[in-house]
Amino acid sequence: MIRPYLASFSAIISNDQLSIRAIVTATYSHTKDSLKTPISHLALLSKNNYRIRIRGFNEGQVEILSREYDSDNFGNFELRIPALVDVNNIEKLSVYETSMLTGVEIHLGSYYPIRIKEPKKLVISDFDKTLVDTKYSTPKEMYYSLNRPLAYFPSVEPSIALLKNYMEKEFQPFILSASPHFYEAPIRDWLYQHELFVSDIFLKDYRDFFSIFDGRLSTKDLKKQGFYKLNQLIDILLMTGIPDELALMGDGFESDPFIYMVLKNLLTNNSDPWKNWKAIKNNAIFNLTSKQDSYFLTKFYQLSELAKKKPNVKIHIHIRATNNNVESLKTKKYEQISYQKANETIDYYLA
């Protein structure tokens, strides 16, 4: 039987705001074992509209929120629910799809929102080549990645230990990866196997590449991760608010060091968002389209306004390096950032 289900759901309460990110799709039911490989989730490449009702309940199970929202053409929801009610009193959320069957609300699940505690401490980690030594550079490697569980690839134990250390210090964890969005269930399964209990996973929506009018990503973003990753980092901070302390974990195989330093500049230098945008927009890591230009500039201004309220955020950047690339990483320079200063900031650890 085909029915809608939530492929992804994240709810965060911070700064008197409830932020929700969700993906709804429809597919046939699967067995638990059949969902361990990414290829089992290719139904998430489908395109459709959905409408959901979100009900919020307080500690006494009294309904204090009930609102409906429409998705984009891919079944994605990005919601910011301000103080229509006292969102801080919401203890549980129930989600229903209301458009598939006329007059019927199909229950998609119930969830407990994450509350970002004060002082706010966040750790955001990349996944591929940071926590798991995956390989996607050839068609053969891509085939294996789709058809084998993530446990097939070697784990990066120093990175796992570092992430666990931050979580033990009560940093709220987020996983940010350029892997396709249909990898979420296998990634979540891998995280739980390694006792990394992370509820918020941000992945690249590959349906963007198949939509000329609706998508934010273009074909150049299949290889270039700059726009996608920096945009997602900003989205996370817009959901949570600017933290008192932020840890960023990535790898030295692509563009993570540069992206993280750009974010640090946005948060700590109190500089003009337009100047920051102008300085990086033509960099090969980003190579922004005209649509992405305006989108990024808007995001920079939104983040800048938040950053003014907390100018002393502490930022830690950890980059996984190998014996083969650690020296080149330490001496690499980018036009828009003083990398001499970056080397004083970034912790390059061997793994």
# chains A, B, ... in the order shown; residues from 1 in each chain; ligands from 1

$ residues_around --residues "Tyr260 in chain A" --least-positions-apart "2" --cutoff "8 Å" --atoms "only C-alpha atoms" --output "list in words"
Leu230, Leu248, Asp256, Pro257, Phe258, Val262, Leu263, Lys264 and Ile317 of chain A

$ residues_around --residues "Ile116 in chain A" --least-positions-apart "4" --cutoff "12 Å" --atoms "only C-alpha atoms" --output "short mmCIF file (atom, residue, chain, number, x, y, z; two decimals) with C-alpha atoms, in the first residue's frame"
data_model
loop_
_atom_site.label_atom_id
_atom_site.label_comp_id
_atom_site.auth_asym_id
_atom_site.auth_seq_id
_atom_site.Cartn_x
_atom_site.Cartn_y
_atom_site.Cartn_z
CA ALA A 11 11.92 20.43 15.48
CA ILE A 12 13.92 22.94 17.53
CA ILE A 13 12.68 25.37 20.17
CA SER A 14 15.01 28.33 20.70
CA ASN A 15 14.58 32.05 21.32
CA ASP A 16 10.79 31.64 21.73
CA GLN A 17 10.55 30.22 18.22
CA LEU A 18 9.67 26.73 16.97
CA SER A 19 11.63 25.80 13.84
CA ASN A 88 8.17 26.95 25.19
CA LYS A 120 23.98 27.51 23.85
CA LYS A 121 26.66 25.08 22.75
CA LEU A 122 26.53 23.48 19.29
CA GLU A 170 26.49 19.00 26.50
CA PHE A 171 27.05 20.41 23.02
CA GLN A 172 23.93 19.91 20.89
CA PRO A 173 25.07 17.81 17.88
CA ILE A 236 21.12 25.69 11.41
CA LEU A 237 22.11 28.90 13.18
CA MET A 239 16.97 27.72 13.67
CA THR A 240 18.95 27.61 16.92
CA GLY A 241 20.06 31.20 17.33
CA ILE A 242 23.71 32.23 17.68
CA PRO A 243 25.40 29.96 20.24
CA ASP A 244 27.80 30.97 22.98
#

$ residues_around --residues "Ala22 in chain A" --least-positions-apart "2" --cutoff "10 Å" --atoms "only C-alpha atoms" --output "PyMOL selection string"
chain A and resi 6-11+20+24+71+75-79

$ residues_around --residues "range 295-309 of chain A" --least-positions-apart "3" --cutoff "9 Å" --atoms "only C-alpha atoms" --output "list in words"
Arg216, Phe227, Asn231, Ile234, Asp235, Leu237, Leu238, Gly241, Ile242, Leu266, Leu267, Thr268, Asn270, Ser271, Asp272, Pro273, Trp274, Asn276, Trp277, Lys278, Lys281, Leu288, Ser290, Lys291, Gln292, Asn312 and Val313 of chain A

$ write_last_selection --atoms "C-alpha atoms" --output "PDB file, in the first residue's frame"
ATOM      1  CA  ARG A 216      18.238  26.197  -5.390  1.00  0.00           C
ATOM      2  CA  PHE A 227      27.004  27.088  -1.531  1.00  0.00           C
ATOM      3  CA  ASN A 231      23.822  27.768   3.319  1.00  0.00           C
ATOM      4  CA  ILE A 234      23.505  29.406   8.257  1.00  0.00           C
ATOM      5  CA  ASP A 235      20.114  27.632   8.290  1.00  0.00           C
ATOM      6  CA  LEU A 237      22.108  28.903  13.179  1.00  0.00           C
ATOM      7  CA  LEU A 238      18.885  30.632  12.108  1.00  0.00           C
ATOM      8  CA  GLY A 241      20.064  31.203  17.334  1.00  0.00           C
ATOM      9  CA  ILE A 242      23.713  32.226  17.676  1.00  0.00           C
ATOM     10  CA  LEU A 266      30.416  36.350   9.425  1.00  0.00           C
ATOM     11  CA  LEU A 267      29.913  35.680  13.126  1.00  0.00           C
ATOM     12  CA  THR A 268      32.866  37.422  14.748  1.00  0.00           C
ATOM     13  CA  ASN A 270      30.943  42.447  12.798  1.00  0.00           C
ATOM     14  CA  SER A 271      31.570  43.248   9.137  1.00  0.00           C
ATOM     15  CA  ASP A 272      29.185  44.344   6.403  1.00  0.00           C
ATOM     16  CA  PRO A 273      27.222  41.318   5.051  1.00  0.00           C
ATOM     17  CA  TRP A 274      27.335  42.795   1.541  1.00  0.00           C
ATOM     18  CA  ASN A 276      31.419  39.447   2.877  1.00  0.00           C
ATOM     19  CA  TRP A 277      29.120  38.253   0.108  1.00  0.00           C
ATOM     20  CA  LYS A 278      30.982  40.241  -2.555  1.00  0.00           C
ATOM     21  CA  LYS A 281      30.732  35.075  -4.458  1.00  0.00           C
ATOM     22  CA  LEU A 288      27.271  31.346  -7.361  1.00  0.00           C
ATOM     23  CA  SER A 290      22.412  34.740 -10.068  1.00  0.00           C
ATOM     24  CA  LYS A 291      19.620  33.026  -8.107  1.00  0.00           C
ATOM     25  CA  GLN A 292      22.065  31.884  -5.430  1.00  0.00           C
ATOM     26  CA  ASN A 312      31.608  37.055  21.557  1.00  0.00           C
ATOM     27  CA  VAL A 313      30.790  33.592  20.278  1.00  0.00           C
TER      28      VAL A 313
END

$ residues_around --residues "Leu329 in chain A" --least-positions-apart "4" --cutoff "9 Å" --atoms "only C-alpha atoms" --output "PyMOL selection string"
chain A and resi 252+257+321+325+333+343+348

$ residues_around --residues "range 199-201 of chain A" --least-positions-apart "3" --cutoff "12 Å" --atoms "only C-alpha atoms" --output "PDB file with N, CA, C and O atoms, in the first residue's frame"
ATOM      1  N   ALA A   7      10.067  11.238   5.895  1.00  0.00           N
ATOM      2  CA  ALA A   7      11.418  10.731   5.664  1.00  0.00           C
ATOM      3  C   ALA A   7      12.415  11.440   6.558  1.00  0.00           C
ATOM      4  O   ALA A   7      13.483  10.904   6.848  1.00  0.00           O
ATOM      5  N   SER A   8      12.071  12.643   6.996  1.00  0.00           N
ATOM      6  CA  SER A   8      12.949  13.406   7.871  1.00  0.00           C
ATOM      7  C   SER A   8      12.110  14.400   8.654  1.00  0.00           C
ATOM      8  O   SER A   8      11.147  14.958   8.122  1.00  0.00           O
ATOM      9  N   PHE A   9      12.470  14.596   9.927  1.00  0.00           N
ATOM     10  CA  PHE A   9      11.734  15.569  10.740  1.00  0.00           C
ATOM     11  C   PHE A   9      12.662  16.107  11.815  1.00  0.00           C
ATOM     12  O   PHE A   9      13.332  15.351  12.514  1.00  0.00           O
ATOM     13  N   SER A  10      12.697  17.419  11.927  1.00  0.00           N
ATOM     14  CA  SER A  10      13.505  18.076  12.951  1.00  0.00           C
ATOM     15  C   SER A  10      12.720  19.245  13.509  1.00  0.00           C
ATOM     16  O   SER A  10      12.185  20.064  12.754  1.00  0.00           O
ATOM     17  N   ALA A  11      12.628  19.328  14.823  1.00  0.00           N
ATOM     18  CA  ALA A  11      11.923  20.431  15.481  1.00  0.00           C
ATOM     19  C   ALA A  11      12.802  20.983  16.599  1.00  0.00           C
ATOM     20  O   ALA A  11      13.259  20.229  17.458  1.00  0.00           O
ATOM     21  N   ILE A  12      13.027  22.283  16.562  1.00  0.00           N
ATOM     22  CA  ILE A  12      13.917  22.937  17.529  1.00  0.00           C
ATOM     23  C   ILE A  12      13.199  24.125  18.134  1.00  0.00           C
ATOM     24  O   ILE A  12      12.627  24.957  17.420  1.00  0.00           O
ATOM     25  N   ILE A  20      10.920  24.085  12.278  1.00  0.00           N
ATOM     26  CA  ILE A  20      10.666  22.709  11.836  1.00  0.00           C
ATOM     27  C   ILE A  20      11.198  22.527  10.419  1.00  0.00           C
ATOM     28  O   ILE A  20      10.968  23.368   9.550  1.00  0.00           O
ATOM     29  N   ARG A  21      11.933  21.447  10.200  1.00  0.00           N
ATOM     30  CA  ARG A  21      12.345  21.022   8.858  1.00  0.00           C
ATOM     31  C   ARG A  21      11.850  19.602   8.672  1.00  0.00           C
ATOM     32  O   ARG A  21      12.071  18.742   9.537  1.00  0.00           O
ATOM     33  N   ALA A  22      11.190  19.336   7.561  1.00  0.00           N
ATOM     34  CA  ALA A  22      10.627  18.003   7.345  1.00  0.00           C
ATOM     35  C   ALA A  22      10.596  17.675   5.866  1.00  0.00           C
ATOM     36  O   ALA A  22      10.533  18.569   5.012  1.00  0.00           O
ATOM     37  N   ILE A  23      10.648  16.383   5.579  1.00  0.00           N
ATOM     38  CA  ILE A  23      10.455  15.880   4.219  1.00  0.00           C
ATOM     39  C   ILE A  23       9.360  14.824   4.268  1.00  0.00           C
ATOM     40  O   ILE A  23       9.464  13.850   5.023  1.00  0.00           O
ATOM     41  N   TYR A 111       6.603  13.554  17.881  1.00  0.00           N
ATOM     42  CA  TYR A 111       8.000  13.892  18.126  1.00  0.00           C
ATOM     43  C   TYR A 111       8.114  14.844  19.306  1.00  0.00           C
ATOM     44  O   TYR A 111       7.211  15.632  19.581  1.00  0.00           O
ATOM     45  N   TYR A 112       9.251  14.750  19.979  1.00  0.00           N
ATOM     46  CA  TYR A 112       9.571  15.688  21.050  1.00  0.00           C
ATOM     47  C   TYR A 112      10.559  16.722  20.500  1.00  0.00           C
ATOM     48  O   TYR A 112      11.626  16.353  20.005  1.00  0.00           O
ATOM     49  N   PRO A 113      10.205  18.003  20.557  1.00  0.00           N
ATOM     50  CA  PRO A 113      11.118  19.019  20.025  1.00  0.00           C
ATOM     51  C   PRO A 113      12.383  19.125  20.862  1.00  0.00           C
ATOM     52  O   PRO A 113      12.370  18.874  22.075  1.00  0.00           O
ATOM     53  N   ILE A 114      13.469  19.489  20.210  1.00  0.00           N
ATOM     54  CA  ILE A 114      14.734  19.717  20.898  1.00  0.00           C
ATOM     55  C   ILE A 114      14.743  21.142  21.431  1.00  0.00           C
ATOM     56  O   ILE A 114      14.414  22.090  20.725  1.00  0.00           O
ATOM     57  N   LEU A 122      26.836  24.304  20.448  1.00  0.00           N
ATOM     58  CA  LEU A 122      26.527  23.476  19.293  1.00  0.00           C
ATOM     59  C   LEU A 122      27.802  22.850  18.745  1.00  0.00           C
ATOM     60  O   LEU A 122      28.862  23.490  18.732  1.00  0.00           O
ATOM     61  N   VAL A 123      27.698  21.609  18.269  1.00  0.00           N
ATOM     62  CA  VAL A 123      28.771  20.996  17.493  1.00  0.00           C
ATOM     63  C   VAL A 123      28.170  20.508  16.186  1.00  0.00           C
ATOM     64  O   VAL A 123      27.171  19.795  16.176  1.00  0.00           O
ATOM     65  N   ILE A 124      28.746  20.947  15.070  1.00  0.00           N
ATOM     66  CA  ILE A 124      28.264  20.575  13.738  1.00  0.00           C
ATOM     67  C   ILE A 124      29.375  19.811  13.040  1.00  0.00           C
ATOM     68  O   ILE A 124      30.475  20.335  12.861  1.00  0.00           O
ATOM     69  N   SER A 125      29.085  18.574  12.666  1.00  0.00           N
ATOM     70  CA  SER A 125      30.110  17.721  12.070  1.00  0.00           C
ATOM     71  C   SER A 125      29.727  17.284  10.665  1.00  0.00           C
ATOM     72  O   SER A 125      28.572  16.930  10.406  1.00  0.00           O
ATOM     73  N   ASP A 126      30.710  17.289   9.777  1.00  0.00           N
ATOM     74  CA  ASP A 126      30.566  16.646   8.480  1.00  0.00           C
ATOM     75  C   ASP A 126      30.511  15.141   8.709  1.00  0.00           C
ATOM     76  O   ASP A 126      30.864  14.638   9.784  1.00  0.00           O
ATOM     77  N   PHE A 127      30.074  14.386   7.694  1.00  0.00           N
ATOM     78  CA  PHE A 127      29.971  12.931   7.839  1.00  0.00           C
ATOM     79  C   PHE A 127      31.008  12.203   6.983  1.00  0.00           C
ATOM     80  O   PHE A 127      31.904  11.546   7.498  1.00  0.00           O
ATOM     81  N   GLN A 172      24.995  20.488  21.697  1.00  0.00           N
ATOM     82  CA  GLN A 172      23.925  19.911  20.888  1.00  0.00           C
ATOM     83  C   GLN A 172      24.492  19.534  19.526  1.00  0.00           C
ATOM     84  O   GLN A 172      25.003  20.388  18.805  1.00  0.00           O
ATOM     85  N   PRO A 173      24.411  18.238  19.120  1.00  0.00           N
ATOM     86  CA  PRO A 173      25.069  17.814  17.881  1.00  0.00           C
ATOM     87  C   PRO A 173      24.177  17.932  16.647  1.00  0.00           C
ATOM     88  O   PRO A 173      22.971  17.701  16.693  1.00  0.00           O
ATOM     89  N   PHE A 174      24.815  18.269  15.523  1.00  0.00           N
ATOM     90  CA  PHE A 174      24.179  18.277  14.209  1.00  0.00           C
ATOM     91  C   PHE A 174      25.134  17.604  13.227  1.00  0.00           C
ATOM     92  O   PHE A 174      26.350  17.788  13.312  1.00  0.00           O
ATOM     93  N   ILE A 175      24.572  16.838  12.297  1.00  0.00           N
ATOM     94  CA  ILE A 175      25.359  16.251  11.220  1.00  0.00           C
ATOM     95  C   ILE A 175      25.012  16.994   9.934  1.00  0.00           C
ATOM     96  O   ILE A 175      23.841  17.108   9.563  1.00  0.00           O
ATOM     97  N   LEU A 176      26.037  17.500   9.253  1.00  0.00           N
ATOM     98  CA  LEU A 176      25.862  18.203   7.986  1.00  0.00           C
ATOM     99  C   LEU A 176      26.713  17.502   6.939  1.00  0.00           C
ATOM    100  O   LEU A 176      27.929  17.417   7.080  1.00  0.00           O
ATOM    101  N   SER A 177      26.071  16.979   5.902  1.00  0.00           N
ATOM    102  CA  SER A 177      26.792  16.207   4.897  1.00  0.00           C
ATOM    103  C   SER A 177      26.307  16.577   3.500  1.00  0.00           C
ATOM    104  O   SER A 177      25.158  16.967   3.313  1.00  0.00           O
ATOM    105  N   ALA A 178      27.201  16.427   2.520  1.00  0.00           N
ATOM    106  CA  ALA A 178      26.819  16.619   1.119  1.00  0.00           C
ATOM    107  C   ALA A 178      26.302  15.332   0.501  1.00  0.00           C
ATOM    108  O   ALA A 178      26.059  15.272  -0.701  1.00  0.00           O
ATOM    109  N   SER A 179      26.112  14.293   1.313  1.00  0.00           N
ATOM    110  CA  SER A 179      25.523  13.049   0.808  1.00  0.00           C
ATOM    111  C   SER A 179      24.080  13.309   0.376  1.00  0.00           C
ATOM    112  O   SER A 179      23.416  14.212   0.905  1.00  0.00           O
ATOM    113  N   PRO A 180      23.565  12.511  -0.567  1.00  0.00           N
ATOM    114  CA  PRO A 180      22.171  12.688  -1.010  1.00  0.00           C
ATOM    115  C   PRO A 180      21.182  12.512   0.140  1.00  0.00           C
ATOM    116  O   PRO A 180      21.430  11.779   1.092  1.00  0.00           O
ATOM    117  N   HIS A 181      20.031  13.196   0.029  1.00  0.00           N
ATOM    118  CA  HIS A 181      19.051  13.174   1.109  1.00  0.00           C
ATOM    119  C   HIS A 181      18.496  11.786   1.390  1.00  0.00           C
ATOM    120  O   HIS A 181      18.026  11.515   2.492  1.00  0.00           O
ATOM    121  N   PHE A 182      18.579  10.864   0.408  1.00  0.00           N
ATOM    122  CA  PHE A 182      18.053   9.519   0.661  1.00  0.00           C
ATOM    123  C   PHE A 182      19.042   8.645   1.444  1.00  0.00           C
ATOM    124  O   PHE A 182      18.787   7.473   1.660  1.00  0.00           O
ATOM    125  N   TYR A 183      20.166   9.239   1.893  1.00  0.00           N
ATOM    126  CA  TYR A 183      21.096   8.523   2.771  1.00  0.00           C
ATOM    127  C   TYR A 183      20.728   8.676   4.244  1.00  0.00           C
ATOM    128  O   TYR A 183      21.402   8.120   5.104  1.00  0.00           O
ATOM    129  N   GLU A 184      19.688   9.445   4.572  1.00  0.00           N
ATOM    130  CA  GLU A 184      19.459   9.781   5.976  1.00  0.00           C
ATOM    131  C   GLU A 184      19.266   8.560   6.867  1.00  0.00           C
ATOM    132  O   GLU A 184      19.905   8.444   7.925  1.00  0.00           O
ATOM    133  N   ALA A 185      18.400   7.630   6.485  1.00  0.00           N
ATOM    134  CA  ALA A 185      18.153   6.459   7.346  1.00  0.00           C
ATOM    135  C   ALA A 185      19.415   5.618   7.537  1.00  0.00           C
ATOM    136  O   ALA A 185      19.713   5.217   8.671  1.00  0.00           O
ATOM    137  N   PRO A 186      20.191   5.317   6.477  1.00  0.00           N
ATOM    138  CA  PRO A 186      21.445   4.592   6.701  1.00  0.00           C
ATOM    139  C   PRO A 186      22.430   5.350   7.586  1.00  0.00           C
ATOM    140  O   PRO A 186      23.108   4.742   8.415  1.00  0.00           O
ATOM    141  N   ILE A 187      22.519   6.667   7.424  1.00  0.00           N
ATOM    142  CA  ILE A 187      23.425   7.451   8.267  1.00  0.00           C
ATOM    143  C   ILE A 187      22.961   7.407   9.721  1.00  0.00           C
ATOM    144  O   ILE A 187      23.761   7.223  10.651  1.00  0.00           O
ATOM    145  N   ARG A 188      21.663   7.551   9.933  1.00  0.00           N
ATOM    146  CA  ARG A 188      21.138   7.508  11.297  1.00  0.00           C
ATOM    147  C   ARG A 188      21.401   6.141  11.928  1.00  0.00           C
ATOM    148  O   ARG A 188      21.771   6.038  13.099  1.00  0.00           O
ATOM    149  N   ASP A 189      21.220   5.087  11.140  1.00  0.00           N
ATOM    150  CA  ASP A 189      21.493   3.738  11.629  1.00  0.00           C
ATOM    151  C   ASP A 189      22.964   3.601  12.018  1.00  0.00           C
ATOM    152  O   ASP A 189      23.287   3.037  13.074  1.00  0.00           O
ATOM    153  N   LEU A 191      25.046   6.037  12.916  1.00  0.00           N
ATOM    154  CA  LEU A 191      25.305   6.852  14.108  1.00  0.00           C
ATOM    155  C   LEU A 191      24.875   6.123  15.377  1.00  0.00           C
ATOM    156  O   LEU A 191      25.604   6.105  16.386  1.00  0.00           O
ATOM    157  N   TYR A 192      23.708   5.497  15.353  1.00  0.00           N
ATOM    158  CA  TYR A 192      23.224   4.786  16.536  1.00  0.00           C
ATOM    159  C   TYR A 192      24.100   3.592  16.863  1.00  0.00           C
ATOM    160  O   TYR A 192      24.341   3.273  18.031  1.00  0.00           O
ATOM    161  N   LEU A 196      26.250   7.421  18.789  1.00  0.00           N
ATOM    162  CA  LEU A 196      26.176   8.852  18.526  1.00  0.00           C
ATOM    163  C   LEU A 196      24.703   9.197  18.305  1.00  0.00           C
ATOM    164  O   LEU A 196      24.160   9.017  17.222  1.00  0.00           O
ATOM    165  N   LYS A 204      22.052  16.865   1.366  1.00  0.00           N
ATOM    166  CA  LYS A 204      21.821  17.579   0.112  1.00  0.00           C
ATOM    167  C   LYS A 204      20.624  16.962  -0.622  1.00  0.00           C
ATOM    168  O   LYS A 204      20.609  15.754  -0.865  1.00  0.00           O
ATOM    169  N   GLN A 232      23.558  25.657   4.524  1.00  0.00           N
ATOM    170  CA  GLN A 232      23.003  24.804   5.569  1.00  0.00           C
ATOM    171  C   GLN A 232      23.510  25.204   6.949  1.00  0.00           C
ATOM    172  O   GLN A 232      22.774  25.154   7.932  1.00  0.00           O
ATOM    173  N   LEU A 233      24.776  25.586   7.029  1.00  0.00           N
ATOM    174  CA  LEU A 233      25.312  26.061   8.306  1.00  0.00           C
ATOM    175  C   LEU A 233      24.533  27.279   8.798  1.00  0.00           C
ATOM    176  O   LEU A 233      24.176  27.370   9.980  1.00  0.00           O
ATOM    177  N   ILE A 236      21.077  26.271  10.061  1.00  0.00           N
ATOM    178  CA  ILE A 236      21.118  25.690  11.407  1.00  0.00           C
ATOM    179  C   ILE A 236      21.162  26.804  12.449  1.00  0.00           C
ATOM    180  O   ILE A 236      20.435  26.771  13.456  1.00  0.00           O
ATOM    181  N   MET A 239      17.913  28.540  12.905  1.00  0.00           N
ATOM    182  CA  MET A 239      16.975  27.724  13.673  1.00  0.00           C
ATOM    183  C   MET A 239      17.282  27.771  15.168  1.00  0.00           C
ATOM    184  O   MET A 239      16.372  27.829  16.001  1.00  0.00           O
ATOM    185  N   THR A 240      18.559  27.737  15.508  1.00  0.00           N
ATOM    186  CA  THR A 240      18.949  27.615  16.917  1.00  0.00           C
ATOM    187  C   THR A 240      19.213  28.957  17.582  1.00  0.00           C
ATOM    188  O   THR A 240      19.134  29.072  18.810  1.00  0.00           O
TER     189      THR A 240
END

$ select_by_dssp --residues "range 225-343 of chain A" --states "strand (DSSP E or B)" --output "short mmCIF file (atom, residue, chain, number, x, y, z; two decimals) with C-alpha atoms, in the first residue's frame"
data_model
loop_
_atom_site.label_atom_id
_atom_site.label_comp_id
_atom_site.auth_asym_id
_atom_site.auth_seq_id
_atom_site.Cartn_x
_atom_site.Cartn_y
_atom_site.Cartn_z
CA GLU A 245 30.16 28.27 21.76
CA LEU A 246 30.32 26.59 18.35
CA ALA A 247 32.45 23.60 17.29
CA LEU A 248 32.82 22.76 13.59
CA MET A 249 34.23 19.40 12.43
CA GLY A 250 35.17 18.65 8.84
CA ASP A 251 37.78 17.12 6.56
CA LYS A 314 33.66 31.11 20.74
CA ILE A 315 34.35 29.07 17.59
CA HIS A 316 36.45 25.89 17.43
CA ILE A 317 37.35 24.44 14.02
CA HIS A 318 38.63 20.86 13.76
CA ILE A 319 39.78 19.48 10.40
CA ARG A 320 40.69 15.86 9.84
CA ALA A 321 44.02 15.60 8.02
CA TYR A 334 42.63 31.77 -0.07
CA ILE A 337 40.85 35.01 4.15
#
